[in-house]
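Novice: Coordinates in structure25.txt, compact mmCIF, C-alpha atoms, are listed below.
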```txt
# COMPACT_ATOMS: atom_id res chain seq x y z
CA MET A 98 -41.00 -6.82 4.38
CA ASN A 99 -44.06 -8.86 3.37
CA ILE A 100 -46.56 -10.22 5.88
CA ARG A 101 -45.32 -13.79 5.63
CA THR A 102 -41.79 -12.73 6.53
CA ALA A 103 -43.16 -10.57 9.31
CA LEU A 104 -45.17 -13.48 10.73
CA ILE A 105 -42.18 -15.84 10.63
CA ARG A 106 -39.96 -13.33 12.40
CA LEU A 107 -42.72 -12.52 14.84
CA ALA A 108 -43.20 -16.18 15.77
CA ARG A 109 -39.47 -16.63 16.25
CA GLY A 110 -39.17 -13.53 18.38
CA THR A 111 -42.10 -14.62 20.54
CA ALA A 112 -40.60 -18.00 21.30
CA THR A 113 -37.28 -16.41 22.27
CA THR A 114 -38.95 -13.91 24.59
CA THR A 115 -40.81 -16.68 26.41
CA ALA A 116 -37.73 -18.86 26.73
CA VAL A 117 -35.68 -16.04 28.24
CA LEU A 118 -38.42 -15.11 30.68
CA ALA A 119 -38.80 -18.73 31.72
CA LEU A 120 -35.06 -18.88 32.52
CA LEU A 121 -35.17 -15.61 34.43
CA THR A 122 -38.13 -16.64 36.56
CA ALA A 123 -37.36 -20.34 37.03
CA GLY A 124 -37.03 -21.32 40.64
CA THR A 125 -38.87 -18.26 41.95
CA THR A 126 -40.71 -18.94 45.15
CA THR A 127 -44.19 -17.47 45.22
CA VAL A 128 -45.20 -15.59 48.35
CA ALA A 129 -48.98 -15.77 48.25
CA GLN A 130 -51.37 -13.60 50.18
CA ALA A 131 -53.13 -15.41 52.98
CA ALA A 132 -56.30 -17.21 51.93
CA PRO A 133 -59.63 -15.99 53.29
CA THR A 134 -60.73 -17.67 56.49
CA ALA A 135 -64.19 -18.73 57.54
CA ASN A 136 -64.59 -15.38 59.32
CA ASP A 137 -63.86 -13.34 56.17
CA PRO A 138 -66.75 -11.84 54.22
CA ALA A 139 -68.17 -14.16 51.56
CA VAL A 140 -67.03 -13.41 48.04
CA ASP A 141 -70.13 -12.99 45.88
CA GLY A 142 -68.37 -11.74 42.74
CA THR A 143 -64.97 -10.79 41.45
CA VAL A 144 -63.49 -8.22 39.11
CA PHE A 145 -60.12 -7.41 37.56
CA VAL A 146 -58.82 -3.89 38.20
CA ASP A 147 -55.68 -2.05 37.15
CA ALA A 148 -52.98 -2.57 39.76
CA ALA A 149 -51.96 1.08 39.37
CA SER A 150 -55.31 2.09 40.86
CA LEU A 151 -54.61 0.33 44.15
CA PRO A 152 -52.47 1.49 47.10
CA ASP A 153 -49.19 -0.29 47.69
CA ASP A 154 -50.39 -1.95 50.89
CA GLU A 155 -53.07 -3.83 48.94
CA LEU A 156 -50.41 -5.26 46.64
CA ARG A 157 -48.15 -6.44 49.44
CA GLY A 158 -47.21 -10.08 48.91
CA LEU A 159 -48.33 -10.00 45.29
CA ASP A 160 -45.02 -9.05 43.75
CA GLN A 161 -43.50 -12.37 42.70
CA PRO A 162 -45.02 -13.41 39.37
CA ILE A 163 -44.32 -16.80 37.81
CA PRO A 164 -44.74 -17.68 34.10
CA TYR A 165 -48.17 -19.07 33.38
CA ALA A 166 -46.77 -22.29 31.89
CA GLU A 167 -44.90 -22.99 35.13
CA TYR A 168 -48.01 -22.30 37.18
CA ALA A 169 -50.26 -24.40 34.93
CA GLY A 170 -47.78 -27.27 34.96
CA SER A 171 -48.19 -27.58 38.72
CA HIS A 172 -52.01 -27.37 38.57
CA THR A 173 -52.85 -29.63 35.63
CA PRO A 174 -51.68 -33.17 34.74
CA LYS A 175 -50.18 -32.06 31.42
CA THR A 176 -49.91 -28.76 29.63
CA ALA A 177 -49.97 -28.71 25.85
CA ALA A 178 -46.79 -27.58 24.15
CA ARG A 179 -46.57 -23.94 23.28
CA GLN A 180 -46.38 -23.06 19.59
CA GLY A 181 -43.40 -21.18 18.27
CA SER A 182 -39.98 -21.49 16.63
CA ALA A 183 -36.56 -21.99 18.12
CA GLY A 184 -35.34 -18.41 18.03
CA ALA A 185 -35.04 -15.13 16.20
CA GLU A 186 -32.45 -14.43 13.55
CA PRO A 187 -29.36 -13.04 15.33
CA GLY A 188 -28.54 -9.43 14.61
CA ASP A 189 -31.73 -8.77 12.64
CA GLU A 190 -31.98 -5.02 13.20
CA LYS A 191 -34.89 -4.62 10.83
CA ASP A 192 -37.26 -6.77 12.82
CA LEU A 193 -40.27 -4.66 13.68
CA ARG A 194 -40.69 -6.21 17.13
CA GLN A 195 -37.16 -5.32 18.16
CA GLN A 196 -37.57 -1.77 16.90
CA CYS A 197 -40.90 -1.50 18.67
CA ALA A 198 -39.37 -2.58 21.97
CA SER A 199 -36.77 0.17 21.62
CA HIS A 200 -39.59 2.73 21.39
CA ALA A 201 -41.32 1.52 24.55
CA ALA A 202 -42.84 4.84 25.60
CA GLN A 203 -44.55 5.38 22.24
CA ALA A 204 -45.34 1.71 21.72
CA LYS A 205 -47.52 1.42 24.84
CA ALA A 206 -49.85 4.23 23.75
CA ALA A 207 -53.24 3.38 22.26
CA THR A 208 -51.97 4.26 18.77
CA GLY A 209 -48.69 2.45 19.33
CA TRP A 210 -45.43 3.39 17.65
CA ILE A 211 -45.94 4.16 13.96
CA LYS A 212 -42.67 3.40 12.22
CA SER A 213 -43.83 4.42 8.76
CA ARG A 214 -46.91 4.64 6.58
CA PHE A 215 -46.66 0.87 6.17
CA GLU A 216 -45.58 -0.45 9.59
CA SER A 217 -46.83 0.15 13.11
CA CYS A 218 -46.75 -1.70 16.38
CA GLN A 219 -48.02 -1.65 19.93
CA LYS A 220 -46.40 -3.33 22.92
CA ARG A 221 -48.53 -2.55 25.94
CA PRO A 222 -47.88 -4.13 29.35
CA PHE A 223 -50.84 -4.86 31.62
CA ASP A 224 -50.85 -5.42 35.37
CA LEU A 225 -54.24 -6.48 36.72
CA VAL A 226 -55.42 -7.51 40.16
CA LEU A 227 -58.36 -9.85 40.77
CA ARG A 228 -60.41 -8.89 43.83
CA ASP A 229 -63.93 -9.26 45.07
CA VAL A 230 -66.37 -6.65 43.89
CA LYS A 231 -66.55 -5.13 47.39
CA GLY A 232 -62.80 -4.52 47.33
CA THR A 233 -62.15 -6.35 50.59
CA THR A 234 -60.33 -9.48 49.38
CA THR A 235 -57.51 -9.71 46.85
CA LEU A 236 -57.46 -13.03 45.00
CA GLY A 237 -54.47 -12.70 42.72
CA ARG A 238 -52.52 -10.75 40.17
CA LEU A 239 -52.10 -11.08 36.40
CA TRP A 240 -49.33 -9.62 34.23
CA PHE A 241 -49.03 -9.84 30.44
CA ASP A 242 -47.93 -7.94 27.34
CA GLN A 243 -50.26 -7.09 24.50
CA TRP A 244 -48.71 -6.85 21.04
CA VAL A 245 -50.35 -5.57 17.85
CA LEU A 246 -48.24 -5.31 14.70
CA GLY A 247 -49.80 -3.51 11.74
CA PHE A 248 -48.79 -3.90 8.09
CA ALA A 249 -50.19 -1.70 5.31
CA TYR A 250 -49.26 -2.19 1.66
CA ASP A 251 -48.21 -0.26 -1.41
CA GLY A 252 -50.22 -1.83 -4.23
CA SER A 253 -52.94 -3.50 -2.18
CA ARG A 254 -56.08 -2.18 -0.51
CA ARG A 255 -55.44 -4.29 2.58
CA VAL A 256 -54.12 -3.89 6.10
CA ASP A 257 -53.07 -6.78 8.35
CA TYR A 258 -52.83 -6.88 12.13
CA VAL A 259 -50.85 -9.54 13.99
CA ALA A 260 -52.25 -9.47 17.53
CA SER A 261 -51.01 -11.45 20.51
CA ILE A 262 -50.99 -11.77 24.29
CA GLU A 263 -47.58 -12.85 25.56
CA ASN A 264 -45.37 -13.10 28.60
CA ILE A 265 -48.28 -14.13 30.82
CA ARG A 266 -47.41 -14.27 34.52
CA VAL A 267 -49.69 -14.98 37.44
CA GLN A 268 -49.78 -15.05 41.23
CA PRO A 269 -53.12 -16.20 42.63
CA ILE A 270 -53.85 -16.99 46.27
CA PRO A 271 -53.87 -20.74 47.03
CA THR A 272 -57.65 -21.03 46.82
CA GLU A 273 -57.88 -19.31 43.41
CA ASP A 274 -57.32 -21.20 40.14
CA ALA A 275 -55.63 -19.02 37.51
CA THR A 276 -56.16 -21.70 34.84
CA LYS A 277 -59.77 -20.49 34.76
CA TRP A 278 -58.87 -16.87 34.11
CA ARG A 279 -59.64 -15.52 30.63
CA LEU A 280 -58.41 -12.73 28.37
CA GLY A 281 -60.00 -11.42 25.21
CA GLN A 282 -59.13 -9.14 22.32
CA HIS A 283 -62.14 -7.66 20.57
CA PHE A 284 -61.53 -5.77 17.31
CA ARG A 285 -63.97 -3.57 15.41
CA HIS A 286 -63.83 -0.95 12.68
CA ASN A 287 -65.68 2.11 11.50
CA ILE A 288 -65.61 4.32 8.40
CA ASN A 289 -65.42 8.10 8.29
CA ALA A 290 -67.87 8.62 5.44
CA SER A 291 -67.56 12.41 5.50
CA LYS A 292 -63.84 12.24 4.59
CA SER A 293 -64.10 9.27 2.25
CA ASP A 294 -65.02 9.17 -1.44
CA PRO A 295 -68.48 7.93 -2.50
CA ASP A 296 -69.64 4.47 -1.46
CA PRO A 297 -66.82 3.70 1.03
CA LYS A 298 -66.65 0.09 2.15
CA VAL A 299 -64.35 -2.05 4.29
CA THR A 300 -64.55 -5.83 4.53
CA ALA A 301 -63.73 -7.09 8.02
CA PRO A 302 -62.25 -10.53 8.75
CA GLN A 303 -64.68 -13.29 9.59
CA THR A 304 -63.35 -13.40 13.15
CA GLN A 305 -62.75 -10.12 14.98
CA GLU A 306 -62.79 -11.44 18.54
CA ARG A 307 -60.76 -13.95 20.46
CA ASP A 308 -61.62 -14.74 24.09
CA GLU A 309 -59.75 -17.65 25.68
CA LEU A 310 -58.41 -19.09 28.88
CA LEU A 311 -54.86 -18.05 29.72
CA GLY A 312 -53.70 -21.49 28.65
CA GLY A 313 -54.99 -20.94 25.12
CA TRP A 314 -53.11 -17.67 24.81
CA ASP A 315 -49.97 -19.20 26.29
CA ARG A 316 -50.01 -22.06 23.78
CA THR A 317 -50.96 -19.93 20.77
CA PRO A 318 -50.21 -16.27 21.47
CA GLN A 319 -50.80 -14.87 17.98
CA TRP A 320 -53.65 -14.44 15.55
CA THR A 321 -54.01 -12.35 12.40
CA LEU A 322 -56.76 -10.09 11.09
CA SER A 323 -57.01 -8.62 7.58
CA TYR A 324 -59.23 -5.67 6.60
CA THR A 325 -59.72 -4.92 2.91
CA SER A 326 -61.54 -2.35 0.81
CA PRO A 327 -63.10 -3.31 -2.54
CA ASP A 328 -61.10 -2.39 -5.64
CA LYS A 329 -63.37 -1.00 -8.38
CA GLY A 330 -60.56 -0.46 -10.83
CA ALA A 331 -59.00 2.79 -12.02
CA LEU A 332 -61.54 5.57 -11.49
CA PHE A 333 -59.13 8.39 -10.67
CA ASP A 334 -59.57 9.97 -14.13
CA GLN A 335 -63.22 10.37 -13.16
CA GLY A 336 -62.26 12.15 -9.96
CA ASN A 337 -62.81 9.12 -7.73
CA GLN A 338 -59.65 8.06 -5.90
CA GLN A 339 -61.64 5.48 -3.88
CA ARG A 340 -60.37 6.94 -0.63
CA VAL A 341 -61.73 5.20 2.42
CA PHE A 342 -60.78 6.55 5.84
CA SER A 343 -61.23 3.89 8.50
CA THR A 344 -60.32 3.26 12.12
CA VAL A 345 -59.61 -0.18 13.55
CA SER A 346 -59.99 -0.34 17.34
CA MET A 347 -59.71 -3.02 19.99
CA ASP A 348 -61.13 -3.61 23.47
CA LEU A 349 -59.48 -5.90 26.01
CA SER A 350 -61.46 -8.15 28.35
CA ALA A 351 -60.28 -9.98 31.48
CA SER A 352 -62.42 -12.30 33.56
CA SER A 353 -62.62 -15.21 35.92
CA PRO A 354 -65.65 -17.39 36.81
CA ASN A 355 -68.47 -15.17 38.15
CA ALA A 356 -66.40 -12.06 37.43
CA ALA A 357 -67.92 -8.66 36.78
CA PRO A 358 -66.91 -6.97 33.48
CA PHE A 359 -63.40 -5.47 33.39
CA THR A 360 -63.98 -1.75 32.87
CA GLY A 361 -60.43 -0.70 32.01
CA GLY A 362 -60.11 -2.38 28.63
CA GLY A 363 -61.97 -0.05 26.30
CA ASN A 364 -60.12 1.28 23.25
CA VAL A 365 -56.75 -0.03 24.35
CA TYR A 366 -55.67 -0.01 20.70
CA SER A 367 -56.59 2.28 17.79
CA SER A 368 -55.25 2.41 14.24
CA SER A 369 -56.21 4.95 11.54
CA VAL A 370 -55.82 3.80 7.93
CA ARG A 371 -56.62 5.09 4.47
CA TYR A 372 -57.30 3.00 1.40
CA ASP A 373 -56.92 4.78 -1.95
CA TYR A 374 -56.47 4.38 -5.70
CA ALA A 375 -54.99 7.70 -6.79
CA GLY A 376 -53.18 6.62 -9.96
CA LYS A 377 -49.71 7.43 -11.29
CA ILE A 378 -49.89 11.10 -10.42
CA ALA A 379 -49.43 10.21 -6.73
CA GLY A 380 -46.38 8.10 -7.50
CA LYS A 381 -48.21 4.82 -6.91
CA HIS A 382 -51.40 3.39 -8.35
CA LYS A 383 -53.11 2.23 -5.15
CA GLY A 384 -52.46 1.10 -1.62
CA THR A 385 -53.17 1.45 2.08
CA VAL A 386 -51.33 3.61 4.60
CA PHE A 387 -51.35 4.42 8.32
CA THR A 388 -52.48 8.04 8.26
CA GLN A 389 -50.86 9.03 11.57
CA ALA A 390 -47.36 8.25 10.34
CA ARG A 391 -44.93 11.16 10.26
CA VAL A 392 -43.41 11.25 6.78
CA GLU A 393 -40.24 13.27 6.26
CA LEU A 394 -38.44 14.32 3.09
CA VAL A 395 -34.69 14.65 3.66
CA MET A 396 -32.59 16.72 1.24
CA SER A 397 -29.01 17.97 1.53
CA GLN A 398 -27.70 21.35 0.40
CA LYS A 399 -24.39 19.57 -0.25
CA ASP A 400 -25.94 17.23 -2.82
CA PRO A 401 -25.43 18.81 -6.28
CA ALA A 402 -28.47 16.97 -7.62
CA VAL A 403 -30.86 18.72 -5.21
CA ASN A 404 -28.86 21.53 -3.58
CA GLU A 405 -30.93 24.32 -5.12
CA SER A 406 -34.20 22.67 -4.10
CA ALA A 407 -32.84 22.06 -0.62
CA LEU A 408 -31.91 25.75 -0.27
CA HIS A 409 -35.36 26.85 -1.44
CA ILE A 410 -37.01 24.57 1.11
CA TYR A 411 -34.68 25.74 3.87
CA ASP A 412 -35.48 29.37 3.09
CA ALA A 413 -39.21 28.67 3.04
CA LEU A 414 -39.12 26.98 6.46
CA ASN A 415 -36.55 29.17 8.20
CA ARG A 416 -36.48 32.47 6.27
CA PRO A 417 -40.01 32.85 4.89
CA GLU A 418 -39.33 36.54 4.17
CA ARG A 419 -37.37 35.29 1.17
CA THR A 420 -40.53 33.79 -0.31
CA PHE A 421 -43.19 35.66 -2.25
CA PRO A 422 -45.64 37.10 -1.59
CA SER A 423 -43.91 38.20 1.61
CA TRP A 424 -45.40 39.65 4.79
CA PRO A 425 -44.39 39.93 8.46
CA GLY A 426 -44.97 36.79 10.51
CA LYS A 427 -45.40 34.59 7.45
CA SER A 428 -45.25 30.83 8.20
CA VAL A 429 -44.82 28.13 5.58
CA PRO A 430 -46.12 24.59 6.28
CA GLY A 431 -43.67 21.72 6.23
CA ALA A 432 -41.82 21.91 9.57
CA LYS A 433 -44.55 21.95 12.20
CA GLU A 434 -47.63 21.82 10.00
CA PRO A 435 -47.77 18.88 7.58
CA LEU A 436 -47.84 19.29 3.83
CA HIS A 437 -50.40 17.36 1.80
CA ARG A 438 -49.74 15.98 -1.66
CA LEU A 439 -52.05 17.41 -4.32
CA VAL A 440 -53.04 14.84 -6.97
CA ASN A 441 -55.74 16.85 -8.74
CA LYS A 442 -54.28 17.79 -12.14
CA GLU A 443 -56.45 20.86 -12.63
CA LYS A 444 -55.59 22.25 -9.18
CA GLN A 445 -51.91 21.59 -9.88
CA LYS A 446 -52.17 23.70 -13.05
CA GLU A 447 -53.96 26.48 -11.15
CA ASN A 448 -51.25 26.51 -8.47
CA ARG A 449 -48.49 26.71 -11.08
CA LYS A 450 -50.19 29.63 -12.85
CA ARG A 451 -50.42 31.50 -9.55
CA SER A 452 -46.72 30.80 -8.83
CA ILE A 453 -45.64 32.08 -12.26
CA LYS A 454 -47.79 35.17 -11.85
CA GLU A 455 -46.17 35.94 -8.48
CA CYS A 456 -42.66 35.36 -9.84
CA GLU A 457 -43.28 37.76 -12.73
CA LYS A 458 -44.29 40.45 -10.24
CA VAL A 459 -40.84 40.15 -8.62
CA TRP A 460 -38.52 39.40 -11.57
CA GLY A 461 -40.58 40.32 -14.61
CA ASP A 462 -40.19 38.07 -17.62
CA TYR A 463 -37.67 35.63 -16.18
CA SER A 464 -37.66 33.17 -19.08
CA GLY A 465 -34.08 32.34 -20.13
CA THR A 466 -32.63 33.60 -16.82
CA LYS A 467 -32.41 30.13 -15.19
CA LEU A 468 -34.69 31.38 -12.40
```
Would you mind writing the file out in structure tokens?
Specialist:
Amino acid sequence: MNIRTALIRLARGTATTTAVLALLTAGTTTVAQAAPTANDPAVDGTVFVDAASLPDDELRGLDQPIPYAEYAGSHTPKTAARQGSAGAEPGDEKDLRQQCASHAAQAKAATGWIKSRFESCQKRPFDLVLRDVKGTTTLGRLWFDQWVLGFAYDGSRRVDYVASIENIRVQPIPTEDATKWRLGQHFRHNINASKSDPDPKVTAPQTQERDELLGGWDRTPQWTLSYTSPDKGALFDQGNQQRVFSTVSMDLSASSPNAAPFTGGGNVYSSSVRYDYAGKIAGKHKGTVFTQARVELVMSQKDPAVNESALHIYDALNRPERTFPSWPGKSVPGAKEPLHRLVNKEKQKENRKRSIKECEKVWGDYSGTKL
């Protein structure tokens, strides 16, 4: 799936989600917490905090969210139309957003759910409460979902991230104006020079931060960032695979007028990528991958094309005493420990020589024996 297709499907899916939520929450009556009276302490600053950090009694009355568009429509003369398409393609099981939603527990982690070396996603719900900095007056509550879809590519030293803030719901007290609340996504990247090949570089997008009022996010939920690494041509024959190990991270900000900094938004998203140009020996010439992806090779002992290989692998993983050299407690990587592809031709030759030498110790000259 290319990025254009992903963006089209993503936009369609977003519009559908909002429409359904609007139907589900239409007509909901908001039960607001009582407004401060003249005898209440003066509010000299506010701050957003994670609702999970507060006791239930402090959230009493703040449990009936309404969609932001509905709230804004009653507080402003006219709200701009929200961008998006009519709906998602029915029955599209390959859509990354739908698959991400079905892996909710993994998707809300900082690394998100990593579908493959080329696709990843995060869907992370947030529930924040706005209160005064002294913690004596609660001014409202803010709910939203953060999405980050990642796309790496076979054949291109590029990785794209489609970030968004969606499903915004609010419940402020009558004296608080949620149209002045802001959210921000702040991306950054770093390079692990010690693991990378010489002169590692990553070119970041011109814009890595977006900080807007809730209305801006509600009208235009998505934005896209592309990180690339310079392509110097084929240097793998010179021992330079142009590997660049990089991490893309994001901080979340939430604020209202005169608000103190939100302290719970650091590193809410993190993505580890590798750019390389390894040549044909690795199966592909160049590309970018998500390094935390779990890659599995599936082979069947019932498949005549690979049944002998499948049996050898099964023995190595489950009956290592059948492998040589053999010793008690031997463990072969591949089941719990990952295997790593070797693309160095000279090291491949050295490994094969060692294997042949070990086989000859067990079977002698096995040429012509089909072993």
Novice: Residues of segment 225-265 of chain A that approach segment 353-356 of chain A to 9 Å or less, counting all atoms listed in the file: could you list each one with the shortest pair of atoms and its distance in Å to one decimal, rows by chain and increasing residue number, as JSON lines?
Specialist:
```
{"residue": "A:Leu227", "atom": "CA", "partner": "A:Ser353", "partner_atom": "CA", "distance": 8.4}
{"residue": "A:Asp229", "atom": "CA", "partner": "A:Ala356", "partner_atom": "CA", "distance": 8.5}
{"residue": "A:Val230", "atom": "CA", "partner": "A:Ala356", "partner_atom": "CA", "distance": 8.4}
```
Novice: Which segment 297-325 of chain A residues have any atom within 10 Å of an atom of segment 232-246 of chain A, and for each, what is the nearest pair of atoms with distance in Å to one decimal, counting only C-alpha atoms, rows sorted by chain and number, as CSV?
Specialist:
```
residue,atom,partner,partner_atom,distance
A:Pro318,CA,A:Trp244,CA,9.5
A:Gln319,CA,A:Trp244,CA,8.8
A:Trp320,CA,A:Val245,CA,9.7
A:Thr321,CA,A:Leu246,CA,9.4
```
Novice: When you draw a straight line from atom CA of Asp294 of chain A to atom CA of Ser346 of chain A, how long is it in Å?
Specialist: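 Between atom CA of Asp294 of chain A and atom CA of Ser346 of chain A the gap is 21.6 Å.
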Novice: As a PyMOL selection string, please: the residues near Val370 of chain A (cut-off 12 Å, all atoms listed in the file, same-chain neighbours under 3 positions excluded).
Specialist: chain A and resi 208+211+214-217+247-250+254-258+286-289+293+299+324-326+340-346+367+373+384-390
Novice: Could you please determine the separation between atom CA of Lys383 of chain A and atom CA of Gly252 of chain A in Å, to one decimal place?
Specialist: 5.1 Å
Novice: Rounded to one decimal place, report the atom CA of Ser423 of chain A-atom CA of Asn441 of chain A distance in Å.
Specialist: 26.5 Å
Novice: Using the file's own x, y and z axes, what box holds all listed atoms of segment 227-246 of chain A with 8 Å on each side, keeping edges along x, y and z, and what are its centre and edge lengths in Å to one decimal, as JSON?
Specialist:
```
{"center_x": -57.2, "center_y": -8.8, "center_z": 32.6, "size_x": 34.6, "size_y": 24.5, "size_z": 51.9}
```
Novice: Could you check which of A:Arg266, A:Lys444, A:His283, A:Lys399 is closest to Leu159 of chain A, using all atoms listed in the file?
Specialist: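 The closest residue to Leu159 of chain A is A:Arg266.
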Novice: Please determine, counting all atoms listed in the file, which residue among A:Tyr411, A:Phe145, A:Trp460, A:Phe421 has the shortest atom-to-atom distance to Asp224 of chain A.
Specialist: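 Ranking A:Tyr411, A:Phe145, A:Trp460, A:Phe421 by distance to Asp224 of chain A, first place goes to A:Phe145.
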Novice: Leaving out Val392 of chain A and any residue of its chain fewer than 6 positions from it, which residues lie within 10 Å of it when counting only C-alpha atoms, given as a PDB file with C-alpha atoms, keeping the file's coordinate frame?
Specialist:
```pdb
ATOM      1  CA  LYS A 212     -42.670   3.400  12.220  1.00  0.00           C
ATOM      2  CA  SER A 213     -43.830   4.420   8.760  1.00  0.00           C
ATOM      3  CA  ARG A 214     -46.910   4.640   6.580  1.00  0.00           C
ATOM      4  CA  PRO A 435     -47.770  18.880   7.580  1.00  0.00           C
ATOM      5  CA  LEU A 436     -47.840  19.290   3.830  1.00  0.00           C
TER       6      LEU A 436
END
```
Novice: Counting all atoms listed in the file, which of A:Phe333, A:Tyr374, A:Tyr366, A:Phe359 gets nearest to Ala206 of chain A?
Specialist: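 Nearest candidate to Ala206 of chain A out of A:Phe333, A:Tyr374, A:Tyr366, A:Phe359: A:Tyr366.
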Novice: Considering all atoms listed in the file, state which residue in the set A:Leu225, A:Ala375, A:Leu332, A:Leu414 is at the smallest distance from Val440 of chain A.
Specialist: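 Ranked by minimum distance to Val440 of chain A, first place goes to A:Ala375.
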